[in-house]
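Structure file coords23.cif (mmCIF, N, CA, C and O atoms) is printed below.
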```
data_coords
loop_
_atom_site.label_atom_id
_atom_site.label_comp_id
_atom_site.auth_asym_id
_atom_site.auth_seq_id
_atom_site.Cartn_x
_atom_site.Cartn_y
_atom_site.Cartn_z
N MET K 289 -161.81 -14.45 65.23
CA MET K 289 -160.48 -14.98 65.00
C MET K 289 -159.41 -13.87 64.96
O MET K 289 -158.42 -13.94 65.62
N CYS K 290 -159.64 -12.89 64.13
CA CYS K 290 -158.64 -11.86 63.87
C CYS K 290 -158.51 -10.88 65.03
O CYS K 290 -159.50 -10.38 65.55
N GLN K 291 -157.27 -10.60 65.42
CA GLN K 291 -157.00 -9.64 66.49
C GLN K 291 -156.42 -8.34 65.94
O GLN K 291 -156.03 -7.46 66.71
N HIS K 292 -156.32 -8.20 64.61
CA HIS K 292 -155.74 -7.01 63.99
C HIS K 292 -156.71 -5.84 64.06
O HIS K 292 -157.91 -6.02 64.10
N GLN K 293 -156.16 -4.63 64.04
CA GLN K 293 -156.96 -3.41 63.98
C GLN K 293 -156.52 -2.61 62.78
O GLN K 293 -155.33 -2.28 62.69
N PRO K 294 -157.35 -2.31 61.83
CA PRO K 294 -158.71 -2.80 61.71
C PRO K 294 -158.71 -4.30 61.43
O PRO K 294 -157.73 -4.83 60.90
N PRO K 295 -159.80 -4.98 61.74
CA PRO K 295 -159.85 -6.43 61.55
C PRO K 295 -159.76 -6.83 60.08
O PRO K 295 -160.20 -6.10 59.20
N CYS K 296 -159.19 -7.99 59.85
CA CYS K 296 -159.11 -8.54 58.50
C CYS K 296 -160.50 -8.92 58.01
O CYS K 296 -161.40 -9.19 58.81
N PRO K 297 -160.70 -8.97 56.69
CA PRO K 297 -162.00 -9.38 56.16
C PRO K 297 -162.32 -10.81 56.60
O PRO K 297 -161.43 -11.65 56.73
N SER K 298 -163.59 -11.08 56.81
CA SER K 298 -164.00 -12.42 57.22
C SER K 298 -163.88 -13.40 56.06
O SER K 298 -163.74 -13.00 54.90
N ALA K 299 -163.94 -14.68 56.37
CA ALA K 299 -163.80 -15.73 55.36
C ALA K 299 -164.94 -15.72 54.37
O ALA K 299 -164.79 -16.20 53.24
N ASP K 300 -166.09 -15.16 54.73
CA ASP K 300 -167.22 -15.15 53.80
C ASP K 300 -167.38 -13.83 53.04
O ASP K 300 -168.30 -13.67 52.26
N SER K 301 -166.45 -12.90 53.22
CA SER K 301 -166.53 -11.64 52.49
C SER K 301 -165.83 -11.76 51.13
O SER K 301 -164.99 -12.63 50.92
N ALA K 302 -166.20 -10.90 50.21
CA ALA K 302 -165.65 -10.94 48.85
C ALA K 302 -164.15 -10.67 48.81
O ALA K 302 -163.44 -11.20 47.95
N ASP K 303 -163.64 -9.89 49.75
CA ASP K 303 -162.21 -9.56 49.76
C ASP K 303 -161.42 -10.39 50.78
O ASP K 303 -160.40 -9.96 51.30
N ARG K 304 -161.86 -11.63 51.03
CA ARG K 304 -161.24 -12.51 52.03
C ARG K 304 -159.75 -12.74 51.78
O ARG K 304 -158.99 -12.98 52.69
N GLU K 305 -159.31 -12.68 50.52
CA GLU K 305 -157.90 -12.93 50.18
C GLU K 305 -156.97 -11.82 50.66
O GLU K 305 -155.76 -12.00 50.65
N SER K 306 -157.52 -10.68 51.09
CA SER K 306 -156.67 -9.59 51.56
C SER K 306 -156.36 -9.67 53.06
O SER K 306 -155.70 -8.79 53.60
N ALA K 307 -156.80 -10.73 53.72
CA ALA K 307 -156.47 -10.93 55.13
C ALA K 307 -154.96 -11.18 55.27
O ALA K 307 -154.30 -11.62 54.32
N ARG K 308 -154.43 -10.93 56.43
CA ARG K 308 -152.99 -11.10 56.67
C ARG K 308 -152.58 -12.57 56.70
O ARG K 308 -153.36 -13.44 57.12
N LEU K 309 -151.35 -12.83 56.28
CA LEU K 309 -150.81 -14.19 56.31
C LEU K 309 -150.49 -14.60 57.74
O LEU K 309 -149.93 -13.82 58.51
N VAL K 310 -150.83 -15.83 58.08
CA VAL K 310 -150.48 -16.41 59.37
C VAL K 310 -149.34 -17.42 59.16
O VAL K 310 -148.41 -17.49 59.94
N ALA K 311 -149.46 -18.18 58.08
CA ALA K 311 -148.42 -19.16 57.72
C ALA K 311 -148.30 -19.18 56.21
O ALA K 311 -149.30 -19.08 55.49
N HIS K 312 -147.06 -19.30 55.73
CA HIS K 312 -146.80 -19.29 54.28
C HIS K 312 -145.85 -20.43 53.96
O HIS K 312 -144.75 -20.49 54.51
N HIS K 313 -146.28 -21.34 53.11
CA HIS K 313 -145.46 -22.49 52.74
C HIS K 313 -145.42 -22.63 51.23
O HIS K 313 -146.08 -23.50 50.65
N PRO K 314 -144.63 -21.77 50.55
CA PRO K 314 -144.58 -21.80 49.09
C PRO K 314 -144.05 -23.13 48.54
O PRO K 314 -144.44 -23.55 47.46
N GLU K 315 -143.21 -23.81 49.31
CA GLU K 315 -142.69 -25.10 48.86
C GLU K 315 -143.79 -26.16 48.80
O GLU K 315 -143.67 -27.14 48.08
N GLN K 316 -144.86 -25.95 49.54
CA GLN K 316 -146.01 -26.86 49.53
C GLN K 316 -147.19 -26.28 48.76
O GLN K 316 -148.18 -26.97 48.54
N GLY K 317 -147.10 -25.01 48.39
CA GLY K 317 -148.13 -24.39 47.56
C GLY K 317 -149.34 -23.85 48.28
O GLY K 317 -150.40 -23.71 47.69
N TRP K 318 -149.21 -23.49 49.57
CA TRP K 318 -150.37 -22.95 50.29
C TRP K 318 -149.96 -21.92 51.32
O TRP K 318 -148.81 -21.85 51.74
N SER K 319 -150.96 -21.13 51.70
CA SER K 319 -150.81 -20.12 52.76
C SER K 319 -152.07 -20.13 53.60
O SER K 319 -153.17 -20.36 53.09
N LEU K 320 -151.92 -19.87 54.88
CA LEU K 320 -153.05 -19.74 55.80
C LEU K 320 -153.22 -18.26 56.11
O LEU K 320 -152.27 -17.58 56.51
N LEU K 321 -154.44 -17.78 55.92
CA LEU K 321 -154.74 -16.38 56.20
C LEU K 321 -155.34 -16.24 57.60
O LEU K 321 -155.84 -17.20 58.18
N CYS K 322 -155.30 -15.04 58.12
CA CYS K 322 -155.79 -14.73 59.46
C CYS K 322 -157.26 -15.11 59.66
O CYS K 322 -157.67 -15.46 60.76
N ASN K 323 -158.04 -15.08 58.61
CA ASN K 323 -159.46 -15.39 58.70
C ASN K 323 -159.75 -16.88 58.58
O ASN K 323 -160.90 -17.29 58.50
N GLY K 324 -158.69 -17.72 58.55
CA GLY K 324 -158.87 -19.16 58.50
C GLY K 324 -158.93 -19.75 57.11
O GLY K 324 -159.10 -20.95 56.95
N VAL K 325 -158.79 -18.92 56.09
CA VAL K 325 -158.84 -19.38 54.71
C VAL K 325 -157.48 -19.98 54.32
O VAL K 325 -156.44 -19.38 54.59
N LEU K 326 -157.51 -21.17 53.71
CA LEU K 326 -156.31 -21.74 53.11
C LEU K 326 -156.30 -21.31 51.66
O LEU K 326 -157.24 -21.58 50.91
N LEU K 327 -155.26 -20.61 51.26
CA LEU K 327 -155.13 -20.09 49.91
C LEU K 327 -154.04 -20.89 49.20
O LEU K 327 -152.92 -21.00 49.70
N PHE K 328 -154.39 -21.48 48.06
CA PHE K 328 -153.45 -22.32 47.32
C PHE K 328 -152.83 -21.55 46.16
O PHE K 328 -153.43 -20.61 45.64
N GLU K 329 -151.63 -21.96 45.73
CA GLU K 329 -150.91 -21.24 44.69
C GLU K 329 -151.65 -21.24 43.35
O GLU K 329 -151.41 -20.36 42.53
N ASP K 330 -152.55 -22.18 43.13
CA ASP K 330 -153.32 -22.18 41.88
C ASP K 330 -154.54 -21.26 41.97
O ASP K 330 -155.38 -21.26 41.10
N THR K 331 -154.64 -20.48 43.03
CA THR K 331 -155.69 -19.52 43.37
C THR K 331 -156.96 -20.18 43.90
O THR K 331 -157.95 -19.49 44.11
N GLY K 332 -156.94 -21.48 44.15
CA GLY K 332 -158.05 -22.14 44.81
C GLY K 332 -158.02 -21.82 46.29
O GLY K 332 -157.00 -21.38 46.83
N GLU K 333 -159.16 -22.03 46.96
CA GLU K 333 -159.26 -21.71 48.38
C GLU K 333 -160.07 -22.78 49.10
O GLU K 333 -160.96 -23.39 48.52
N LEU K 334 -159.75 -22.97 50.37
CA LEU K 334 -160.55 -23.81 51.25
C LEU K 334 -160.96 -22.93 52.42
O LEU K 334 -160.10 -22.41 53.15
N LEU K 335 -162.27 -22.75 52.58
CA LEU K 335 -162.79 -21.89 53.63
C LEU K 335 -162.90 -22.66 54.94
O LEU K 335 -162.96 -23.90 54.94
N PRO K 336 -162.92 -21.97 56.07
CA PRO K 336 -162.98 -22.64 57.38
C PRO K 336 -164.18 -23.57 57.54
O PRO K 336 -164.11 -24.56 58.27
N ASP K 337 -165.28 -23.30 56.84
CA ASP K 337 -166.46 -24.16 56.95
C ASP K 337 -166.40 -25.37 56.02
O ASP K 337 -167.35 -26.15 55.95
N GLY K 338 -165.28 -25.53 55.30
CA GLY K 338 -165.11 -26.67 54.40
C GLY K 338 -165.49 -26.40 52.96
O GLY K 338 -165.29 -27.24 52.08
N LYS K 339 -166.04 -25.22 52.68
CA LYS K 339 -166.43 -24.87 51.32
C LYS K 339 -165.18 -24.70 50.46
O LYS K 339 -164.17 -24.15 50.91
N ILE K 340 -165.25 -25.18 49.23
CA ILE K 340 -164.13 -25.10 48.29
C ILE K 340 -164.41 -24.00 47.27
O ILE K 340 -165.50 -23.95 46.70
N ILE K 341 -163.44 -23.14 47.05
CA ILE K 341 -163.52 -22.13 46.00
C ILE K 341 -162.55 -22.59 44.91
O ILE K 341 -161.35 -22.73 45.15
N ALA K 342 -163.08 -22.82 43.72
CA ALA K 342 -162.27 -23.30 42.60
C ALA K 342 -161.23 -22.26 42.21
O ALA K 342 -161.44 -21.06 42.43
N PRO K 343 -160.11 -22.71 41.64
CA PRO K 343 -159.10 -21.75 41.18
C PRO K 343 -159.73 -20.72 40.25
O PRO K 343 -160.61 -21.04 39.45
N HIS K 344 -159.27 -19.49 40.35
CA HIS K 344 -159.83 -18.40 39.56
C HIS K 344 -158.74 -17.51 38.99
O HIS K 344 -158.70 -16.32 39.24
N ARG K 345 -157.85 -18.16 38.24
CA ARG K 345 -156.79 -17.40 37.58
C ARG K 345 -157.39 -16.47 36.54
O ARG K 345 -158.43 -16.77 35.97
N PRO K 346 -156.72 -15.37 36.26
CA PRO K 346 -157.22 -14.46 35.22
C PRO K 346 -157.27 -15.17 33.86
O PRO K 346 -156.44 -16.03 33.58
N LEU K 347 -158.26 -14.79 33.06
CA LEU K 347 -158.36 -15.37 31.72
C LEU K 347 -157.12 -15.03 30.91
O LEU K 347 -156.60 -13.93 30.99
N GLY K 348 -156.63 -16.00 30.16
CA GLY K 348 -155.46 -15.77 29.32
C GLY K 348 -154.14 -16.00 30.02
O GLY K 348 -153.09 -15.78 29.43
N ALA K 349 -154.16 -16.41 31.27
CA ALA K 349 -152.92 -16.60 32.03
C ALA K 349 -152.06 -17.70 31.44
O ALA K 349 -150.84 -17.68 31.57
N GLY K 350 -152.66 -18.69 30.78
CA GLY K 350 -151.91 -19.81 30.24
C GLY K 350 -151.50 -19.64 28.80
O GLY K 350 -150.83 -20.48 28.23
N LYS K 351 -151.89 -18.53 28.18
CA LYS K 351 -151.57 -18.30 26.77
C LYS K 351 -150.17 -17.76 26.63
O LYS K 351 -149.73 -16.90 27.38
N VAL K 352 -149.49 -18.23 25.61
CA VAL K 352 -148.15 -17.75 25.30
C VAL K 352 -148.24 -16.86 24.07
O VAL K 352 -148.84 -17.23 23.07
N VAL K 353 -147.68 -15.68 24.16
CA VAL K 353 -147.71 -14.74 23.05
C VAL K 353 -146.30 -14.57 22.53
O VAL K 353 -145.35 -14.38 23.31
N THR K 354 -146.13 -14.67 21.22
CA THR K 354 -144.81 -14.49 20.63
C THR K 354 -144.85 -13.30 19.68
O THR K 354 -145.87 -13.00 19.06
N ALA K 355 -143.73 -12.61 19.59
CA ALA K 355 -143.62 -11.46 18.67
C ALA K 355 -143.45 -11.97 17.25
O ALA K 355 -142.80 -12.97 17.00
N ALA K 356 -144.01 -11.24 16.33
CA ALA K 356 -143.92 -11.62 14.91
C ALA K 356 -142.64 -11.13 14.29
O ALA K 356 -142.01 -10.24 14.68
#
```

Please go through the file and, once you have read it, give me the structure as structure tokens.
Amino acid sequence: MCQHQPPCPSADSADRESARLVAHHPEQGWSLLCNGVLLFEDTGELLPDGKIIAPHRPLGAGKVVTAA
């Protein structure tokens, strides 16, 4: 798929999210990467083979901290 040099990581590699953007639609909450991965704003992913990767936000992202 990828024509970049060096080539982007494949959809089944651990660093697949570092592939280049092909299409970006923040108003709809998704981006298409060069390796065919659909990356969603909630950090979920849909791989080209149909496999779903659940959202994987960092722990504590939803916690609110207030100063005393």

Hits of the PyMOL selection byres (((chain K and resi 289-301 and name CA) around 10) and name CA) in this structure, as a short mmCIF file (atom, residue, chain, number, x, y, z; two decimals) with N, CA, C and O atoms, keeping the file's coordinate frame:
```cif
data_model
loop_
_atom_site.label_atom_id
_atom_site.label_comp_id
_atom_site.auth_asym_id
_atom_site.auth_seq_id
_atom_site.Cartn_x
_atom_site.Cartn_y
_atom_site.Cartn_z
N ALA K 302 -166.20 -10.90 50.21
CA ALA K 302 -165.65 -10.94 48.85
C ALA K 302 -164.15 -10.67 48.81
O ALA K 302 -163.44 -11.20 47.95
N ASP K 303 -163.64 -9.89 49.75
CA ASP K 303 -162.21 -9.56 49.76
C ASP K 303 -161.42 -10.39 50.78
O ASP K 303 -160.40 -9.96 51.30
N ARG K 304 -161.86 -11.63 51.03
CA ARG K 304 -161.24 -12.51 52.03
C ARG K 304 -159.75 -12.74 51.78
O ARG K 304 -158.99 -12.98 52.69
N GLU K 305 -159.31 -12.68 50.52
CA GLU K 305 -157.90 -12.93 50.18
C GLU K 305 -156.97 -11.82 50.66
O GLU K 305 -155.76 -12.00 50.65
N SER K 306 -157.52 -10.68 51.09
CA SER K 306 -156.67 -9.59 51.56
C SER K 306 -156.36 -9.67 53.06
O SER K 306 -155.70 -8.79 53.60
N ALA K 307 -156.80 -10.73 53.72
CA ALA K 307 -156.47 -10.93 55.13
C ALA K 307 -154.96 -11.18 55.27
O ALA K 307 -154.30 -11.62 54.32
N ARG K 308 -154.43 -10.93 56.43
CA ARG K 308 -152.99 -11.10 56.67
C ARG K 308 -152.58 -12.57 56.70
O ARG K 308 -153.36 -13.44 57.12
N LEU K 321 -154.44 -17.78 55.92
CA LEU K 321 -154.74 -16.38 56.20
C LEU K 321 -155.34 -16.24 57.60
O LEU K 321 -155.84 -17.20 58.18
N CYS K 322 -155.30 -15.04 58.12
CA CYS K 322 -155.79 -14.73 59.46
C CYS K 322 -157.26 -15.11 59.66
O CYS K 322 -157.67 -15.46 60.76
N ASN K 323 -158.04 -15.08 58.61
CA ASN K 323 -159.46 -15.39 58.70
C ASN K 323 -159.75 -16.88 58.58
O ASN K 323 -160.90 -17.29 58.50
N GLY K 324 -158.69 -17.72 58.55
CA GLY K 324 -158.87 -19.16 58.50
C GLY K 324 -158.93 -19.75 57.11
O GLY K 324 -159.10 -20.95 56.95
N VAL K 325 -158.79 -18.92 56.09
CA VAL K 325 -158.84 -19.38 54.71
C VAL K 325 -157.48 -19.98 54.32
O VAL K 325 -156.44 -19.38 54.59
N LEU K 326 -157.51 -21.17 53.71
CA LEU K 326 -156.31 -21.74 53.11
C LEU K 326 -156.30 -21.31 51.66
O LEU K 326 -157.24 -21.58 50.91
N LEU K 334 -159.75 -22.97 50.37
CA LEU K 334 -160.55 -23.81 51.25
C LEU K 334 -160.96 -22.93 52.42
O LEU K 334 -160.10 -22.41 53.15
N LEU K 335 -162.27 -22.75 52.58
CA LEU K 335 -162.79 -21.89 53.63
C LEU K 335 -162.90 -22.66 54.94
O LEU K 335 -162.96 -23.90 54.94
N PRO K 336 -162.92 -21.97 56.07
CA PRO K 336 -162.98 -22.64 57.38
C PRO K 336 -164.18 -23.57 57.54
O PRO K 336 -164.11 -24.56 58.27
N ASP K 337 -165.28 -23.30 56.84
CA ASP K 337 -166.46 -24.16 56.95
C ASP K 337 -166.40 -25.37 56.02
O ASP K 337 -167.35 -26.15 55.95
#
```

What is the atom C of His344 in chain K-atom N of Ala311 in chain K distance in Å, reported with one decimal? 21.2 Å

Quick check on the file I pasted: which residues fall under the PyMOL selection byres ((chain K and resi 329) around 5)? Write them as a list in words. Gly317, Trp318, Leu327, Phe328, Asp330 and Thr331 of chain K

Computed interatomic separation between atom N of Lys339 in chain K and atom O of Ser319 in chain K (Å): 13.8 Å

Determine which residues of chain K receive a DSSP assignment of strand (DSSP E), computed from the backbone, and state them as an MDAnalysis selection string. chainID K and resid 309:313 318:321 326:328 333:334 340:341
